[in-house]
Structure formats: structure tokens, C-alpha cells
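Have a look at the structure below before the remarks.
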Amino acid sequence: MAVLIDGRKLGNSILGDVSERAVALAARTGIVPTLAAVLVGGDGASVSYVRQKERACERTGLRSVTLMLPASTSEAELLERIDALNRDSAIHGIIAQLPLPAGIDVEKVVSAVSPAKDVDGFHPVNLGLLMRNAGGLVPCTPAAVCHILDGLGVSLAGKRAVVVGRSLVVGRPLSCLLLRRDLTVTVCHTLTEDLAGEVSRADVVVAAAGRAALVRGEWVKPGAIVIDVGTNPTPAGLVGDVEFAAAAERAGYITPVPGGVGPLTVAMLLRNVVKAASTSF
Ligand code: NAP
């Protein structure tokens with residue numbers, strides 16, 4: 001039976017560290033790290049994500065500002081708002097909550113955020129720095145996954161990792177961070193011919209497809225580390241991309257959904273806000 005990884009506990013520990021750093025920064029410089037979230041015609045899930053981030057800021061002594069813009073907001077208006085936040089020295093981190101309404105070019109919006117305030121780590125400059133292992137702000141969910149892996153005390157070098165999903169938010173930046181840890185990385189997607197075979201050879205499986213129970217328990221190699229990024233609402237509640245009970249029978253370590261990667265992702269975001277604030281003067 002797998003060891004259950006407690007994402008809430010790990011997340012709280014990072015938030016404790018974030019809080020200490022924020023206090024120290026304020027004592028030294030008077031700066032209170034501040035996150036601005038921009039939400040356009042937010043659907044229920046986006047509003048709840050932003051509220052979660054606001055609450056985490058409150059708990060850690062960070063300031064947060066939320067701009068709730070109507071769904072009718074034009075791309076030009078949104079870009080203007082982001083530009084104003086870029087120029088506001090009291091704002092250190094900016095997130096444009098995705099998804100954005102149809103008709104707004106996500107690429108333009110992501111690229112409009114100043115790389116120095118891009119606490120989601122989605123700007124092309126930060127993704128370039130990530131590829132080059134040259135600093136910058138690292139995307140939060142991939143950072144959360146790596147924080148879990150690094151904390152296990154298991155030797156990863158040379159082991160096989162399979163990432164299911166190749167999005168710019170999770171799969172692709174994560175594959176880069178896993179390579180940096182000397183894992184042998186395979187990235188799977190909807191056209192992967194033998195997903196079961198790929199997963200069954202992996203020592204580390206990260207599921208980030210957004211498909212409930214896509215990764216079957218019987219595919220998991222005995223002793224593998226299974227990290228479930230997926231969040232899929234079902235009538236029975238939120239579930240991940242991994243068939244949890246069956247996978248837990250075979251895995252060495254496993255993350256639950258909820259209570260796994262999610263709380264750590266929020267903690268990593270706040271860590272990025274403090275990092276951005278610390279380099280802003
Ligand atoms: P996304 O942009 O929709 O990307 C999904 C990826 O999964 C795509 O690359 C897609 O392949 C692949 N995929 C979908 N169905 C598949 C299948 N049947 N077999 C193999 N690959 C498949 O999603 P995302 O933004 O990366 O998010 C993925 C999941 O993680 C979602 O459930 C999201 O809610 C969750 N998430 C959680 C957190 C957290 O903090 N816990 C943070 C971010 C995301 P193609 O490229 O071929 O289409």
C-alpha cells in the first residue's frame with residue numbers, strides 16, 4: 001500500500017516560510033508583497049481559485065487585489081489594465097486567471113504581464129529562462145510536483161518519468177524540471193499510442209490530463225511514485241486523473257485529490273510573489 005503524500009501539510013509548511021520571508025522583507029524595506037489577480041467574466045471555478053489565493057495571501061500576511069472585469073471586457077481594455085498593474089510599484093505579482101473569454105488572445109495577455117511580475121511563470125521570458133536553467137519565475141504546479149518529489153528523499157537520477165499531458169501550464173515546463181533532475185522523461189498526450197505501456201514502465205508518473213481516472217491502477221509499476229495533478233469535478237466530488245484506490249495498492253507513494261498538488265500550487269504562487277517583491281527594489 002502506497003505512502004499517502006499530504007499536500008496540505010507540505011503546502012502549510014511552505015506558507016509558513018513565505019510568511020516569515022514576507023515579515024522579514026517588510027521589516028527591512030517596508031514592502032508588503034502584493035498579488036493582483038485579474039478575472040474576466042469569471043466562471044465559478046475561476047472565482048473559487050482566486051478566492052483560494054486571496055485567503056492564502058491573508059493567512060501569510062501578503063496583500064491581494066482582485067480586479068473582477070465583466071465578460072464584455074475587450075482585449076484592448078484588458079491589456080490596458082495589465083499595463084497599469086505593470087507600472088504600479090505597489091504590485092509585485094500579476095495573474096490573469098485562465099480561461100479567458102473567447103475573443104481574447106491568451107498569448108497576447110500572457111505576454112503583456114511584465115516578466116518580473118509574472119508569478120504564474122507563463123511569460124515567454126520565464127519559460128525561456130526555465131529551459132536554460134537560468135532563474136526566473138517558475139510555473140507553480142510544476143514547481144509543486146518537484147517539491148513533492150524532492151522531499152521524498154528518493155534517488156531520481158536515471159529513473160523513468162512519464163508525464164501525461166503536454167500543456168504549457170503543467171506538462172511541458174514540468175518535463176523540463178524533471179530533466180533537470182536527471183530523470184528520463186516521456187511526455188504523453190492524446191495521440192500517444194500506448195499510454196498503458198508508457199505508464200507501466202515509469203518509476204514516476206505525473207498525471208495532468210484533466211480526465212477522471214484516465215491512469216488505471218493496474219498500469220502502475222509496483223513501487224512507483226504517482227503524482228496526480230488532475231482536478232475533475234464529478235457528482236461524487238473532485239477526483240484526479242488517476243484511479244486512486246487501485247493505484248494506491250501498487251504505488252510506493254501517491255498524492256490524493258483533493259489535498260495533494262492543489263494546496264502546494266497555491267503555496268508556490270505565494271512564494272513567487274515574495275520572490276518578485278524581494279527583487280523589485
Ligand atoms: P490542458 O491544457 O487541457 O492539457 C491537457 C493535456 O492532457 C493535453 O496535453 C492533452 O493532450 C492531454 N490529454 C488529455 N486527454 C488525454 C488522454 N486521454 N490521453 C493522454 N493525454 C491526454 O490541461 P492543463 O491545464 O494542463 O490541466 C490538466 C489537469 O490538471 C486539469 O484537470 C487541471 O484542472 C489540472 N490542474 C491542476 C492544478 C492544481 O493545482 N492541482 C493546476 C493546473 C492544472 P493533447 O495535447 O494531445 O490535447
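Labeling convention for the C-alpha cells: chains A, B, ... as they appear, residues from 1 per chain, ligands from 1 in order of appearance.
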Output the neighbourhood of ligand 1 as a ChimeraX atom specification, that is, all protein and nucleic acid residues with some atom at most 8 Å from the ligand, counting only C-alpha atoms and all ligand atoms. /A:140-141,164-171,188-192,195,207-211,214,228-232,240-241,260-266
Just the residues within 8 Å of range 105-120 of chain A, please, counting only C-alpha atoms, with nothing from its chain fewer than 4 positions along; format it as a list in words. Glu75, Leu78, Leu79, Ile82, Asp83, Asn86, His92, Gly93, Ile94, Ile95, Ala96, Leu100, Pro124, Val125, Asn126, Gly136, Leu137, Val138, Pro139, Cys140, Leu269, Asn272, Val273, Ala276 and Ser280 of chain A
Please compute the CA of Ala236 in chain A-CA of Gly259 in chain A distance, one decimal, in Å. 15.8 Å
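Checking A:Ala202, A:Val145, A:Thr279, A:Ala196 one by one against Leu178 in chain A, counting only C-alpha atoms, you find the shortest gap at A:Val145.
Between CA of Thr34 in chain A and CA of Leu149 in chain A lies a distance of 28.8 Å.
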Residues near Leu98 in chain A, cut-off 9 Å, only C-alpha atoms, skip fewer than 3 positions along chain, as a ChimeraX atom specification: /A:39-40,42,46,95,101,106
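Backbone DSSP assigns strand (DSSP E or B) in range 160-231 of chain A to Arg160, Ala161, Val162, Val163, Val164, Thr184, Val185, Thr186, Val187, Cys188, Val204, Val205, Val206, Ala207, Val215, Ile225, Val226, Ile227 and Asp228 of chain A.
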Range 131-210 of chain A: residues DSSP assigns to helix (DSSP H, G or I), reported as a ChimeraX atom specification: /A:131-132,140-151,171-180,195-200
Output file for the residues above (N, CA, C and O atoms, as a short mmCIF file (atom, residue, chain, number, x, y, z; two decimals), in the first residue's frame):
```
data_model
loop_
_atom_site.label_atom_id
_atom_site.label_comp_id
_atom_site.auth_asym_id
_atom_site.auth_seq_id
_atom_site.Cartn_x
_atom_site.Cartn_y
_atom_site.Cartn_z
N MET A 131 13.90 26.86 -19.51
CA MET A 131 14.59 25.95 -20.42
C MET A 131 16.10 26.04 -20.25
O MET A 131 16.82 25.06 -20.38
N ARG A 132 16.56 27.25 -19.97
CA ARG A 132 18.01 27.47 -19.87
C ARG A 132 18.53 27.26 -18.45
O ARG A 132 19.71 27.44 -18.20
N CYS A 140 3.87 27.38 -11.22
CA CYS A 140 3.59 26.91 -9.84
C CYS A 140 3.29 25.41 -9.73
O CYS A 140 3.79 24.76 -8.80
N THR A 141 2.48 24.88 -10.63
CA THR A 141 2.14 23.46 -10.50
C THR A 141 3.35 22.56 -10.76
O THR A 141 3.63 21.64 -9.96
N PRO A 142 4.12 22.81 -11.82
CA PRO A 142 5.35 22.02 -11.98
C PRO A 142 6.29 22.15 -10.78
O PRO A 142 6.88 21.16 -10.33
N ALA A 143 6.39 23.36 -10.22
CA ALA A 143 7.24 23.55 -9.03
C ALA A 143 6.69 22.74 -7.86
O ALA A 143 7.46 22.15 -7.07
N ALA A 144 5.36 22.68 -7.74
CA ALA A 144 4.73 21.92 -6.66
C ALA A 144 5.06 20.43 -6.80
O ALA A 144 5.41 19.75 -5.82
N VAL A 145 4.96 19.92 -8.02
CA VAL A 145 5.24 18.50 -8.26
C VAL A 145 6.70 18.20 -7.87
O VAL A 145 6.99 17.20 -7.20
N CYS A 146 7.60 19.09 -8.25
CA CYS A 146 9.02 18.86 -7.96
C CYS A 146 9.30 18.98 -6.46
O CYS A 146 10.15 18.26 -5.93
N HIS A 147 8.58 19.87 -5.80
CA HIS A 147 8.75 19.99 -4.34
C HIS A 147 8.38 18.66 -3.67
O HIS A 147 9.07 18.19 -2.76
N ILE A 148 7.32 18.05 -4.15
CA ILE A 148 6.92 16.74 -3.60
C ILE A 148 8.02 15.71 -3.85
O ILE A 148 8.47 15.01 -2.94
N LEU A 149 8.47 15.65 -5.10
CA LEU A 149 9.49 14.64 -5.46
C LEU A 149 10.77 14.86 -4.67
O LEU A 149 11.34 13.90 -4.13
N ASP A 150 11.21 16.11 -4.56
CA ASP A 150 12.47 16.40 -3.87
C ASP A 150 12.39 16.03 -2.39
O ASP A 150 13.40 15.68 -1.78
N GLY A 151 11.19 16.13 -1.84
CA GLY A 151 11.02 15.88 -0.40
C GLY A 151 10.96 14.40 -0.03
O GLY A 151 11.00 14.06 1.15
N GLY A 171 2.45 20.17 -18.19
CA GLY A 171 3.27 19.09 -18.76
C GLY A 171 4.62 19.53 -19.30
O GLY A 171 5.65 18.94 -18.97
N ARG A 172 4.62 20.57 -20.15
CA ARG A 172 5.88 20.95 -20.79
C ARG A 172 6.90 21.54 -19.82
O ARG A 172 8.04 21.09 -19.79
N PRO A 173 6.50 22.55 -18.99
CA PRO A 173 7.51 23.04 -18.03
C PRO A 173 7.94 21.96 -17.04
O PRO A 173 9.11 21.90 -16.66
N LEU A 174 7.01 21.09 -16.67
CA LEU A 174 7.37 20.02 -15.73
C LEU A 174 8.40 19.09 -16.34
O LEU A 174 9.35 18.66 -15.66
N SER A 175 8.24 18.77 -17.63
CA SER A 175 9.19 17.84 -18.26
C SER A 175 10.60 18.43 -18.18
O SER A 175 11.57 17.70 -17.98
N CYS A 176 10.68 19.75 -18.29
CA CYS A 176 11.98 20.42 -18.23
C CYS A 176 12.57 20.31 -16.81
O CYS A 176 13.76 20.02 -16.63
N LEU A 177 11.72 20.50 -15.80
CA LEU A 177 12.21 20.41 -14.41
C LEU A 177 12.60 18.98 -14.05
O LEU A 177 13.53 18.75 -13.27
N LEU A 178 11.90 18.01 -14.63
CA LEU A 178 12.24 16.60 -14.35
C LEU A 178 13.57 16.23 -15.02
O LEU A 178 14.39 15.51 -14.43
N LEU A 179 13.77 16.74 -16.23
CA LEU A 179 15.05 16.51 -16.92
C LEU A 179 16.21 17.06 -16.11
O LEU A 179 17.28 16.47 -16.04
N ARG A 180 15.94 18.23 -15.50
CA ARG A 180 16.97 18.87 -14.67
C ARG A 180 17.35 17.97 -13.49
O ARG A 180 18.43 18.08 -12.94
N LEU A 195 -0.52 4.38 -24.04
CA LEU A 195 -0.40 5.08 -22.76
C LEU A 195 -0.20 4.08 -21.62
O LEU A 195 0.65 4.29 -20.73
N ALA A 196 -0.92 2.98 -21.68
CA ALA A 196 -0.80 1.96 -20.62
C ALA A 196 0.64 1.46 -20.54
O ALA A 196 1.22 1.34 -19.44
N GLY A 197 1.22 1.17 -21.71
CA GLY A 197 2.60 0.66 -21.74
C GLY A 197 3.58 1.70 -21.21
O GLY A 197 4.49 1.37 -20.45
N GLU A 198 3.41 2.97 -21.62
CA GLU A 198 4.31 4.03 -21.16
C GLU A 198 4.24 4.15 -19.63
O GLU A 198 5.26 4.20 -18.95
N VAL A 199 3.02 4.19 -19.10
CA VAL A 199 2.86 4.36 -17.65
C VAL A 199 3.44 3.15 -16.91
O VAL A 199 4.09 3.29 -15.88
N SER A 200 3.24 1.97 -17.46
CA SER A 200 3.65 0.76 -16.74
C SER A 200 5.18 0.64 -16.62
O SER A 200 5.67 -0.10 -15.77
#
```
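Minimum atom-to-atom distances from A:Asp203, A:Glu80, A:Asp88, A:Asp43 to Arg160 in chain A were compared using only C-alpha atoms, and the lowest value belongs to A:Asp203.
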State, in Å with one decimal place, the distance from CA of Glu243 in chain A to CA of Arg216 in chain A. 5.2 Å
Name all residues at most 10 Å from Glu20 in chain A (count only C-alpha atoms; drop same-chain ones fewer than 6 positions away) and give them as an mmCIF file with C-alpha atoms, in the first residue's frame.
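Saved the output as selection19.cif:
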```cif
data_model
loop_
_atom_site.group_PDB
_atom_site.id
_atom_site.type_symbol
_atom_site.label_atom_id
_atom_site.label_comp_id
_atom_site.auth_asym_id
_atom_site.auth_seq_id
_atom_site.Cartn_x
_atom_site.Cartn_y
_atom_site.Cartn_z
ATOM 1 C CA ILE A 14 5.783 26.471 2.526
ATOM 2 C CA ALA A 26 8.589 44.284 5.350
ATOM 3 C CA THR A 60 0.524 34.713 5.196
ATOM 4 C CA GLY A 61 0.479 38.498 5.567
#
```
